[in-house]
Structure formats: C-alpha cells, structure tokens
$ cat target-v5.cif   # mmCIF, C-alpha atoms
data_final
loop_
_atom_site.label_atom_id
_atom_site.label_comp_id
_atom_site.auth_asym_id
_atom_site.auth_seq_id
_atom_site.Cartn_x
_atom_site.Cartn_y
_atom_site.Cartn_z
CA MET A 1 15.70 -9.67 -22.84
CA GLN A 2 17.07 -10.36 -19.36
CA GLY A 3 18.83 -13.70 -19.42
CA ASN A 4 16.36 -15.94 -21.23
CA VAL A 5 13.35 -13.83 -20.21
CA THR A 6 11.72 -11.29 -22.50
CA LEU A 7 10.77 -8.12 -20.61
CA LEU A 8 7.39 -6.47 -21.02
CA ASP A 9 7.92 -3.43 -23.24
CA PRO A 10 4.75 -1.30 -23.58
CA ALA A 11 6.28 0.29 -26.70
CA GLN A 12 6.46 -3.12 -28.41
CA LEU A 13 3.04 -4.70 -27.96
CA PRO A 14 1.85 -7.46 -30.32
CA ASP A 15 -0.94 -6.80 -32.80
CA ARG A 16 -2.70 -10.06 -31.86
CA PHE A 17 -2.17 -13.43 -30.20
CA GLU A 18 -2.06 -16.36 -32.59
CA SER A 19 -2.57 -18.99 -29.90
CA VAL A 20 -3.10 -19.65 -26.20
CA GLU A 21 0.64 -20.36 -25.95
CA ALA A 22 1.51 -16.93 -27.37
CA LEU A 23 -0.97 -15.27 -25.02
CA GLU A 24 0.40 -17.01 -21.94
CA GLU A 25 4.00 -16.26 -22.90
CA PHE A 26 3.11 -12.56 -23.14
CA LEU A 27 1.17 -12.60 -19.85
CA ALA A 28 4.28 -13.95 -18.14
CA ARG A 29 6.65 -11.20 -19.33
CA PRO A 30 7.86 -9.25 -16.29
CA SER A 31 8.46 -5.54 -16.20
CA GLN A 32 11.77 -4.23 -14.89
CA ALA A 33 9.86 -2.72 -11.95
CA LEU A 34 8.55 -6.16 -10.95
CA ILE A 35 12.02 -7.69 -11.21
CA ASP A 36 13.43 -4.91 -9.06
CA ASP A 37 10.71 -5.23 -6.41
CA LEU A 38 11.02 -9.01 -6.09
CA ALA A 39 14.79 -8.63 -5.79
CA GLN A 40 14.10 -6.67 -2.59
CA VAL A 41 11.84 -9.41 -1.18
CA GLU A 42 13.72 -12.17 0.62
CA GLY A 43 12.78 -15.80 0.18
CA ASP A 44 10.75 -18.07 -2.03
CA ILE A 45 7.10 -17.69 -3.08
CA MET A 46 4.17 -20.08 -2.67
CA ILE A 47 0.86 -19.50 -4.46
CA LEU A 48 -2.17 -21.13 -2.86
CA GLY A 49 -4.95 -21.79 -5.36
CA VAL A 50 -2.58 -21.73 -8.33
CA ALA A 51 -4.89 -23.64 -10.68
CA GLY A 52 -7.48 -20.87 -11.02
CA LYS A 53 -7.92 -18.44 -13.93
CA MET A 54 -5.02 -16.19 -12.99
CA GLY A 55 -2.86 -18.63 -11.06
CA PRO A 56 -0.82 -20.34 -13.79
CA THR A 57 0.29 -17.12 -15.47
CA LEU A 58 0.85 -15.53 -12.04
CA ALA A 59 3.22 -18.34 -11.09
CA ARG A 60 5.01 -18.23 -14.44
CA LEU A 61 5.39 -14.44 -14.15
CA ALA A 62 6.86 -14.81 -10.66
CA LYS A 63 9.37 -17.40 -11.90
CA ASN A 64 10.36 -15.25 -14.87
CA ALA A 65 10.80 -12.17 -12.67
CA ALA A 66 12.76 -14.01 -9.97
CA PRO A 67 14.29 -17.12 -11.59
CA HIS A 68 16.53 -17.84 -8.58
CA LYS A 69 13.57 -18.12 -6.20
CA ARG A 70 11.56 -21.29 -5.74
CA VAL A 71 8.00 -20.72 -6.90
CA ILE A 72 5.61 -23.33 -5.51
CA GLY A 73 2.04 -23.75 -6.70
CA VAL A 74 -0.57 -25.45 -4.52
CA ALA A 75 -3.99 -26.64 -5.68
CA ARG A 76 -6.09 -29.79 -5.90
CA PHE A 77 -5.05 -30.08 -9.58
CA SER A 78 -8.24 -31.77 -10.72
CA ASP A 79 -6.94 -30.94 -14.22
CA ALA A 80 -3.58 -32.71 -14.53
CA ALA A 81 -2.68 -30.67 -17.61
CA VAL A 82 -2.45 -27.49 -15.50
CA ARG A 83 0.06 -29.15 -13.21
CA GLN A 84 2.13 -30.35 -16.16
CA ARG A 85 2.24 -26.85 -17.67
CA LEU A 86 3.36 -25.33 -14.38
CA GLU A 87 6.13 -27.87 -13.93
CA ALA A 88 7.28 -27.32 -17.51
CA TRP A 89 7.72 -23.65 -16.59
CA GLY A 90 9.96 -24.52 -13.63
CA ILE A 91 7.29 -24.18 -10.94
CA GLU A 92 7.16 -26.78 -8.18
CA THR A 93 3.69 -28.16 -7.49
CA ILE A 94 1.97 -29.64 -4.46
CA ALA A 95 -1.46 -31.24 -4.65
CA ALA A 96 -3.50 -30.30 -1.57
CA ASN A 97 -7.08 -29.64 -0.55
CA LEU A 98 -6.97 -26.32 1.30
CA LEU A 99 -10.17 -27.21 3.17
CA ASP A 100 -8.09 -29.86 4.96
CA ARG A 101 -6.32 -28.33 7.98
CA ALA A 102 -3.73 -31.12 8.01
CA ALA A 103 -2.92 -30.50 4.33
CA ILE A 104 -2.27 -26.81 5.05
CA GLU A 105 -0.10 -27.62 8.06
CA ALA A 106 1.95 -30.05 5.93
CA LEU A 107 2.90 -27.36 3.39
CA PRO A 108 6.46 -25.98 3.48
CA ARG A 109 6.96 -22.79 5.46
CA VAL A 110 7.79 -20.34 2.68
CA PRO A 111 8.53 -16.66 3.45
CA ASN A 112 6.09 -15.28 0.84
CA ILE A 113 2.50 -16.45 0.36
CA ILE A 114 0.06 -15.37 -2.35
CA PHE A 115 -3.44 -16.49 -1.42
CA ALA A 116 -5.35 -16.91 -4.70
CA ALA A 117 -7.92 -19.50 -3.63
CA GLY A 118 -11.61 -18.71 -3.43
CA HIS A 119 -15.12 -19.51 -4.63
CA LYS A 120 -17.26 -17.19 -6.74
CA PHE A 121 -18.73 -18.89 -9.79
CA GLY A 122 -21.92 -20.60 -8.71
CA ALA A 123 -21.57 -19.11 -5.23
CA LYS A 124 -25.32 -18.61 -4.84
CA ASP A 125 -25.86 -22.34 -5.44
CA ASN A 126 -23.51 -23.45 -2.64
CA GLN A 127 -23.30 -20.75 0.00
CA ALA A 128 -21.76 -23.03 2.62
CA LEU A 129 -18.81 -23.91 0.35
CA THR A 130 -18.46 -20.22 -0.56
CA TRP A 131 -18.05 -19.26 3.10
CA ALA A 132 -15.74 -22.20 3.82
CA MET A 133 -13.39 -21.33 0.95
CA ASN A 134 -13.54 -17.57 1.34
CA THR A 135 -13.43 -17.26 5.15
CA HIS A 136 -12.52 -20.54 6.89
CA VAL A 137 -9.57 -21.40 4.64
CA PRO A 138 -8.01 -17.89 4.93
CA ALA A 139 -8.17 -18.20 8.72
CA LEU A 140 -6.34 -21.53 8.59
CA VAL A 141 -3.72 -20.12 6.21
CA ALA A 142 -3.20 -16.89 8.14
CA ASP A 143 -2.72 -18.74 11.41
CA THR A 144 -0.45 -21.41 9.93
CA PHE A 145 1.79 -19.03 7.96
CA ARG A 146 2.13 -16.44 10.71
CA GLU A 147 5.87 -16.09 10.00
CA SER A 148 5.37 -15.31 6.30
CA ARG A 149 4.34 -12.28 4.30
CA ILE A 150 0.81 -12.90 3.01
CA VAL A 151 -0.85 -11.12 0.08
CA GLY A 152 -4.44 -12.23 -0.26
CA PHE A 153 -6.68 -11.71 -3.27
CA SER A 154 -9.97 -10.00 -2.53
CA THR A 155 -12.50 -8.21 -4.72
CA GLY A 156 -13.97 -4.80 -5.41
CA ASN A 157 -17.36 -6.46 -4.88
CA ILE A 158 -17.02 -5.69 -1.17
CA TYR A 159 -17.70 -1.99 -1.95
CA PRO A 160 -21.06 -0.30 -2.37
CA LEU A 161 -22.08 0.84 -5.83
CA THR A 162 -20.85 4.40 -6.21
CA PRO A 163 -22.14 7.36 -8.26
CA VAL A 164 -20.92 7.45 -11.84
CA GLY A 165 -19.03 10.67 -12.56
CA ARG A 166 -17.29 10.77 -9.21
CA GLN A 167 -14.20 8.96 -8.00
CA GLY A 168 -14.95 5.30 -7.30
CA ALA A 169 -14.63 3.58 -3.94
CA SER A 170 -11.26 4.02 -2.26
CA GLU A 171 -9.63 1.82 0.35
CA LYS A 172 -11.16 4.16 2.96
CA THR A 173 -14.71 3.61 1.68
CA PRO A 174 -16.61 1.51 4.26
CA PRO A 175 -17.45 -1.92 2.85
CA ALA A 176 -21.10 -2.55 2.02
CA PRO A 177 -21.13 -6.04 0.51
CA LEU A 178 -24.24 -7.09 -1.40
CA GLY A 179 -24.95 -10.81 -1.34
CA GLU A 180 -23.22 -13.70 0.35
CA TYR A 181 -20.28 -13.89 -2.07
CA ALA A 182 -19.16 -10.36 -1.24
CA GLN A 183 -19.96 -10.86 2.44
CA SER A 184 -17.77 -13.96 2.52
CA CYS A 185 -14.97 -11.96 0.90
CA ILE A 186 -15.16 -9.41 3.72
CA GLY A 187 -14.87 -12.41 6.01
CA ARG A 188 -11.69 -13.40 4.17
CA GLU A 189 -10.27 -9.91 4.57
CA ARG A 190 -11.11 -9.80 8.27
CA MET A 191 -9.39 -13.15 8.88
CA PHE A 192 -6.19 -11.93 7.24
CA GLU A 193 -6.45 -8.61 9.07
CA TYR A 194 -7.07 -10.27 12.44
CA PHE A 195 -4.25 -12.82 12.27
CA SER A 196 -1.89 -10.23 10.78
CA GLY A 197 -2.45 -8.03 13.84
CA LEU A 198 -2.37 -10.98 16.27
CA HIS A 199 0.90 -12.45 14.99
CA GLY A 200 2.54 -9.35 13.50
CA THR A 201 2.33 -10.93 10.03
CA PRO A 202 3.03 -8.43 7.21
CA GLY A 203 0.28 -8.52 4.61
CA ARG A 204 -1.80 -6.86 1.93
CA ILE A 205 -5.38 -7.40 0.83
CA PHE A 206 -5.59 -7.11 -2.95
CA ARG A 207 -9.02 -5.83 -4.00
CA LEU A 208 -9.18 -6.66 -7.70
CA ASN A 209 -11.99 -6.06 -10.07
CA TYR A 210 -12.13 -7.22 -13.63
CA ALA A 211 -8.82 -8.54 -14.85
CA ILE A 212 -8.73 -8.99 -18.64
CA ASP A 213 -7.44 -12.04 -20.49
CA MET A 214 -8.44 -13.02 -24.02
CA ARG A 215 -10.36 -15.98 -22.58
CA TYR A 216 -12.50 -14.27 -19.94
CA GLY A 217 -13.28 -10.90 -18.38
CA VAL A 218 -15.72 -8.07 -18.96
CA LEU A 219 -14.32 -7.25 -22.39
CA TYR A 220 -14.57 -10.88 -23.46
CA ASP A 221 -18.14 -11.12 -22.14
CA ILE A 222 -19.26 -8.01 -24.04
CA ALA A 223 -17.38 -8.82 -27.26
CA SER A 224 -18.78 -12.36 -27.32
CA LYS A 225 -22.35 -11.13 -27.03
CA VAL A 226 -21.77 -8.54 -29.74
CA HIS A 227 -20.19 -11.17 -32.00
CA ARG A 228 -23.20 -13.47 -31.53
CA GLY A 229 -25.61 -10.66 -32.32
CA GLU A 230 -27.02 -10.64 -28.80
CA THR A 231 -28.34 -7.60 -26.96
CA VAL A 232 -26.18 -6.27 -24.12
CA ASP A 233 -27.92 -4.92 -21.01
CA VAL A 234 -26.33 -1.58 -20.08
CA THR A 235 -28.08 -1.06 -16.74
CA MET A 236 -24.75 -1.65 -15.00
CA GLY A 237 -23.47 1.02 -17.31
CA HIS A 238 -19.87 1.55 -16.26
CA VAL A 239 -16.90 -0.67 -15.34
CA ASN A 240 -13.17 -0.63 -14.61
CA VAL A 241 -10.84 -3.22 -16.17
CA ILE A 242 -7.13 -4.04 -16.04
CA TRP A 243 -4.90 -6.31 -18.11
CA GLN A 244 -4.34 -9.57 -16.25
CA GLY A 245 -0.58 -9.29 -16.63
CA ASP A 246 -0.64 -5.89 -14.93
CA ALA A 247 -2.85 -7.26 -12.15
CA ASN A 248 -0.51 -10.22 -11.61
CA ALA A 249 2.50 -7.91 -11.50
CA GLN A 250 0.82 -5.70 -8.90
CA VAL A 251 -0.12 -8.58 -6.62
CA LEU A 252 3.49 -9.81 -6.68
CA ARG A 253 4.82 -6.31 -6.08
CA CYS A 254 2.56 -6.10 -3.02
CA LEU A 255 5.04 -8.45 -1.32
CA ARG A 256 7.36 -5.45 -1.06
CA HIS A 257 4.58 -3.21 0.26
CA CYS A 258 3.08 -5.23 3.11
CA THR A 259 1.77 -3.64 6.31
CA VAL A 260 0.98 -4.79 9.85
CA PRO A 261 -1.87 -5.33 10.20
CA ALA A 262 -2.66 -6.17 6.58
CA THR A 263 -4.34 -3.31 4.71
CA PRO A 264 -6.18 -3.19 1.37
CA VAL A 265 -5.06 -1.87 -1.99
CA ASN A 266 -7.42 -1.54 -4.97
CA CYS A 267 -6.37 -2.97 -8.31
CA THR A 268 -8.05 -2.08 -11.59
CA GLY A 269 -7.60 0.22 -14.55
CA PRO A 270 -7.75 4.00 -14.07
CA GLU A 271 -10.48 4.59 -16.67
CA THR A 272 -14.22 4.48 -16.00
CA LEU A 273 -15.59 2.77 -19.11
CA SER A 274 -19.07 3.10 -20.52
CA VAL A 275 -20.55 -0.33 -21.28
CA ARG A 276 -22.57 1.21 -24.12
CA TRP A 277 -19.35 2.64 -25.57
CA LEU A 278 -17.64 -0.76 -25.26
CA VAL A 279 -20.51 -2.39 -27.18
CA GLU A 280 -20.15 0.20 -29.94
CA GLU A 281 -16.36 -0.22 -30.07
CA PHE A 282 -16.61 -4.00 -30.39
CA ALA A 283 -19.43 -3.76 -32.94
CA ALA A 284 -17.22 -1.52 -35.10
CA ARG A 285 -14.26 -3.89 -34.83
CA LEU A 286 -16.37 -6.98 -35.50
CA GLY A 287 -18.39 -5.43 -38.34
CA VAL A 288 -21.79 -6.02 -36.75
CA LYS A 289 -24.64 -3.89 -35.43
CA ALA A 290 -24.53 -2.78 -31.81
CA GLN A 291 -27.57 -3.85 -29.81
CA VAL A 292 -28.20 -2.66 -26.25
CA SER A 293 -31.09 -2.68 -23.82
CA GLY A 294 -31.83 -0.91 -20.57
CA GLN A 295 -30.73 2.47 -19.31
CA GLU A 296 -27.54 3.20 -17.44
CA ALA A 297 -28.03 3.31 -13.67
CA ALA A 298 -26.68 6.26 -11.72
CA THR A 299 -24.33 3.97 -9.76
CA ALA A 300 -21.85 1.24 -10.65
CA LEU A 301 -19.14 -0.95 -9.12
CA LEU A 302 -16.14 1.33 -9.50
CA SER A 303 -12.81 1.57 -7.68
CA ASP A 304 -10.37 4.42 -7.06
CA THR A 305 -6.80 3.27 -7.79
CA THR A 306 -4.92 6.33 -6.53
CA LEU A 307 -3.01 4.24 -3.98
CA ALA A 308 -2.05 1.54 -6.51
CA GLY A 309 -0.89 4.25 -8.91
CA LYS A 310 1.34 5.68 -6.19
CA LEU A 311 2.81 2.27 -5.32
CA PHE A 312 3.12 0.75 -8.79
CA GLY A 313 2.58 3.45 -11.41
CA TYR A 314 -0.07 3.14 -14.12
CA PRO A 315 -0.81 -0.23 -15.76
CA LEU A 316 1.50 -0.84 -18.72
CA VAL A 317 -1.00 -2.38 -21.18
CA PRO A 318 -3.45 0.24 -22.50
CA LEU A 319 -7.16 -0.15 -23.08
CA GLY A 320 -6.93 0.30 -26.86
CA ALA A 321 -4.67 -2.73 -27.19
CA MET A 322 -7.03 -4.83 -25.06
CA LEU A 323 -10.02 -3.89 -27.23
CA ASP A 324 -8.16 -4.84 -30.43
CA TRP A 325 -6.86 -8.10 -28.98
CA VAL A 326 -10.19 -9.25 -27.56
CA ALA A 327 -12.09 -8.42 -30.76
CA ASP A 328 -9.56 -10.39 -32.82
CA TRP A 329 -9.67 -13.36 -30.41
CA VAL A 330 -13.47 -13.47 -30.37
CA ARG A 331 -13.74 -13.07 -34.15
CA ARG A 332 -11.50 -16.12 -34.61
CA GLU A 333 -13.48 -18.03 -31.96
CA GLN A 334 -10.41 -18.92 -29.94
CA PRO A 335 -10.61 -20.85 -26.62
CA ALA A 336 -12.42 -19.39 -23.61
CA HIS A 337 -12.68 -20.35 -19.93
CA GLY A 338 -16.48 -20.35 -19.97
CA LYS A 339 -16.63 -18.33 -16.75
CA PRO A 340 -18.64 -15.12 -17.23
CA THR A 341 -17.80 -12.26 -14.87
CA LYS A 342 -21.50 -11.47 -14.30
CA PHE A 343 -20.45 -7.82 -14.21
CA GLU A 344 -24.05 -6.80 -14.92
CA VAL A 345 -25.26 -8.21 -11.58
CA ARG A 346 -26.40 -5.41 -9.24
CA ASP A 347 -27.77 -7.44 -6.32
CA GLY A 348 -24.63 -9.44 -5.46
CA ALA A 349 -26.13 -12.81 -6.45
CA PHE A 350 -23.31 -14.63 -8.29
#

$ encode --input "target-v5.cif" --output "structure tokens"
Amino acid sequence: MQGNVTLLDPAQLPDRFESVEALEEFLARPSQALIDDLAQVEGDIMILGVAGKMGPTLARLAKNAAPHKRVIGVARFSDAAVRQRLEAWGIETIAANLLDRAAIEALPRVPNIIFAAGHKFGAKDNQALTWAMNTHVPALVADTFRESRIVGFSTGNIYPLTPVGRQGASEKTPPAPLGEYAQSCIGRERMFEYFSGLHGTPGRIFRLNYAIDMRYGVLYDIASKVHRGETVDVTMGHVNVIWQGDANAQVLRCLRHCTVPATPVNCTGPETLSVRWLVEEFAARLGVKAQVSGQEAATALLSDTTLAGKLFGYPLVPLGAMLDWVADWVRREQPAHGKPTKFEVRDGAF
C-alpha cells in the first residue's frame, strides 16, 4: 500500500478475477517504478481518446500513480457510463470530437499528453475515417500541443512480417506497412515526428502489439475459440503479447523518456509464442480437445523489445498467470469487448 493505493506486487498475483471491477482495480495498480518515473515528470496529464479499450484503466493507473496530478480524459463519451466511471476514480473528463479542430484548440494546455485515439476495427470498411483519425487528428494535436510532451500510441503492424526464429522487428527496422490501417498508422507517426522536430516538442511513439485483458486480446480470441470447440487457424503461427497493465505503465513511463524529434519504442512481451502451443495450453485448461488448421508460416508479426527492456525492465505480469486468468474468465463466460484482434490477418486488411 502507498497511501490508499495498492501497489502491483508480482509476488502476490491473484488466482483469478471474480468480476470486471476486480479486474479493473488490479489493472490500475501502479508499480513503484511507475510512481517514481511520474514523480520526475512535471505537470498534469491529459489522455486523448480515453474511452477506448485501454483508456479507462490507463487513466485510473495514472491517477493512482500520481494522485496529486490532474488526470484529464478526453473522448466523445458516446457511452455515458464510461465517463461516470472515470469521474468516480477522480479523473476529470471533457467531451470533445477530436476531428473538430476547434474542439482540440479549446482543450486545456496540459504539459503531458497521451494520444490514445485511433481507428482500427472496421478500418477496411471506412478507409477515409481511418486516415482522418490516424493521420489528420495527430497532426492537429501535435501542432496544437507543441509546448507539451506527447506520447502517441502506434502499432507493431507498421513492421514487415519477420522470420520466426530470429529477433523480431526492432525500432531500426524500416517500416513496411501492409494495408491502409498500417499505412495510416505510419502517417500518424510521421505527423508526430514532423511536428516534434518543427516545434522541438519532446515525444515518443509507442509501438504496441497485443495487449492482454481478460475481455479482449490474442489470448482471449484463442481461448474463446477453443472453449466453443472451434478450429483455430495457425498460419499466423507466432505472436507476442503483454499484460495490459504493463503496457499502460510503459506508455506512462515514456513521458520521462521523450526525445526530440519523437522516436519509437516497441512494447510487447519478450516471448515469441506459438499459436499452436497456446491452443493446446487453453484446451488443457478448459478440458476440451485442441483443434487447429493450417500450417505455420515462416514469418509472423513479431517485435524486438530490447529497448523497452532497457528503459523499463521486463513486464511484471508473467505469461503463465495470463493463461490461467484468461482460461478461467472464458470458462465462466464473463464479459468481453467483442473486438477481435484479427491477429491471424496476414494481408493488413482489418
């Protein structure tokens, strides 16, 4: 405990999560390292796009780690319940459409910005909106908040598929985005990079792939199919994953590790996981027969996290705990976000 906040202790992990409330409380437990890093970062924090999958627990984690800072969450808040939860956790909220230049210019000038807005799910069905959200909005934000530190979410999807059995793509690997979603995300990165260099704005580009929550993520996708007795295609045969709480902690800690111009840092787990092995692990935990189809391709979407390991250390929540938790959650048919990762996609069409 620190004050009224329970610290994340990797030696004292729960066996399961009885409810969404228990899960979200755990996701918002800060590590001492996060508390220490945010103590070195001056000023309040504003999270743009706070109503997404990771945003609410990200904001709550920030408030728990730095209770004396204002944490402001900005979104359209089409779901009023999300806004109510955030405010109950002590987070200020502002309803705004980030596609509206005037709405962005009306936001308070806060020293630290986390850009968590974007468009992926259904991207192939509305390419114009995908580009507007992923490239136009970041340009508006980067120009408007030129006096702030800006950490912007990006994705490992901007990398080429790399050979399994070698180190995955590093921050020095040239981007080779497949499909318009990944291309628009390179556009987002370039906007932050350009305005960071133009205005001298410190920043980081946070290339995340496959954060894990009980309600979504690669492990949830695979476990759900196994639980339903469905066949899992293993052509995209290998993945990296990271606990969402660890990913949220790393993006906040990036505020202490900004550069001019903004530069990327990969975020995912250090292990390269076999999808076939994951199917077998979940089948064993769920007491059903493993069913797979296809043959593992020689390449996969994999990231090298050497830099993140140097900056932040290894993720605190281990893979074995995530497997147990997800299997238990799926077995009990607990709530889900209904947003598949589409990790098996190899052509970039999301």

$ residues_around --input "target-v5.cif" --residues "A:Ala284" --least-positions-apart "3" --cutoff "12 Å" --atoms "all atoms listed in the file" --output "PyMOL selection string"
chain A and resi 223+226-227+277-281+287-291+323-324+327-328

$ resolve_selection --input "target-v5.cif" --expression "the PyMOL selection byres ((chain A and resi 239) around 8)" --output "PyMOL selection string"
chain A and resi 236-238+240-241+272-275+300-302

$ write_last_selection --input "target-v5.cif" --atoms "C-alpha atoms" --output "PDB file, in the frame of the given file"
ATOM      1  CA  MET A 236     -24.750  -1.650 -15.000  1.00  0.00           C
ATOM      2  CA  GLY A 237     -23.470   1.020 -17.310  1.00  0.00           C
ATOM      3  CA  HIS A 238     -19.870   1.550 -16.260  1.00  0.00           C
ATOM      4  CA  ASN A 240     -13.170  -0.630 -14.610  1.00  0.00           C
ATOM      5  CA  VAL A 241     -10.840  -3.220 -16.170  1.00  0.00           C
ATOM      6  CA  THR A 272     -14.220   4.480 -16.000  1.00  0.00           C
ATOM      7  CA  LEU A 273     -15.590   2.770 -19.110  1.00  0.00           C
ATOM      8  CA  SER A 274     -19.070   3.100 -20.520  1.00  0.00           C
ATOM      9  CA  VAL A 275     -20.550  -0.330 -21.280  1.00  0.00           C
ATOM     10  CA  ALA A 300     -21.850   1.240 -10.650  1.00  0.00           C
ATOM     11  CA  LEU A 301     -19.140  -0.950  -9.120  1.00  0.00           C
ATOM     12  CA  LEU A 302     -16.140   1.330  -9.500  1.00  0.00           C
TER      13      LEU A 302
END

$ residues_around --input "target-v5.cif" --residues "stretch 269-271 of chain A" --least-positions-apart "3" --cutoff "9 Å" --atoms "only C-alpha atoms" --output "number ranges by chain"
A: 209-211, 239-243, 303-306, 309, 314-315, 318-319

$ resolve_selection --input "target-v5.cif" --expression "the PyMOL selection byres ((chain A and resi 127) around 12)" --output "VMD selection string"
chain A and resid 119 to 126 128 to 135 179 to 184 349 to 350

$ atom_distance --input "target-v5.cif" --atom1 "atom CA of A:Gly118" --atom2 "atom CA of A:Ser224"
25.7 Å

$ atom_distance --input "target-v5.cif" --atom1 "atom CA of A:Pro174" --atom2 "atom CA of A:Asn248"
25.5 Å

$ closest_residue --input "target-v5.cif" --among "A:Pro108, A:Arg276, A:Phe17, A:Val317" --to "A:Gly245" --atoms "all atoms listed in the file"
A:Val317

$ resolve_selection --input "target-v5.cif" --expression "the PyMOL selection byres ((chain A and resi 136-151) around 6)" --output "PyMOL selection string"
chain A and resi 111-114+132-133+135+152+188+191-192+195+199+201-205

$ atom_distance --input "target-v5.cif" --atom1 "atom CA of A:His337" --atom2 "atom CA of A:Glu189"
26.7 Å

$ closest_atom_pairs --input "target-v5.cif" --of "stretch 5-89 of chain A" --to "stretch 257-261 of chain A" --cutoff "12 Å" --atoms "all atoms listed in the file" --output "tab-separated table"
residue	atom	partner	partner_atom	distance
A:Asp37	CA	A:His257	CA	9.3
A:Leu38	CA	A:His257	CA	10.7
A:Gln40	CA	A:His257	CA	10.5
A:Val41	CA	A:His257	CA	9.7

$ residues_around --input "target-v5.cif" --residues "stretch 49-59 of chain A" --least-positions-apart "6" --cutoff "9 Å" --atoms "only C-alpha atoms" --output "count of residues only"
35
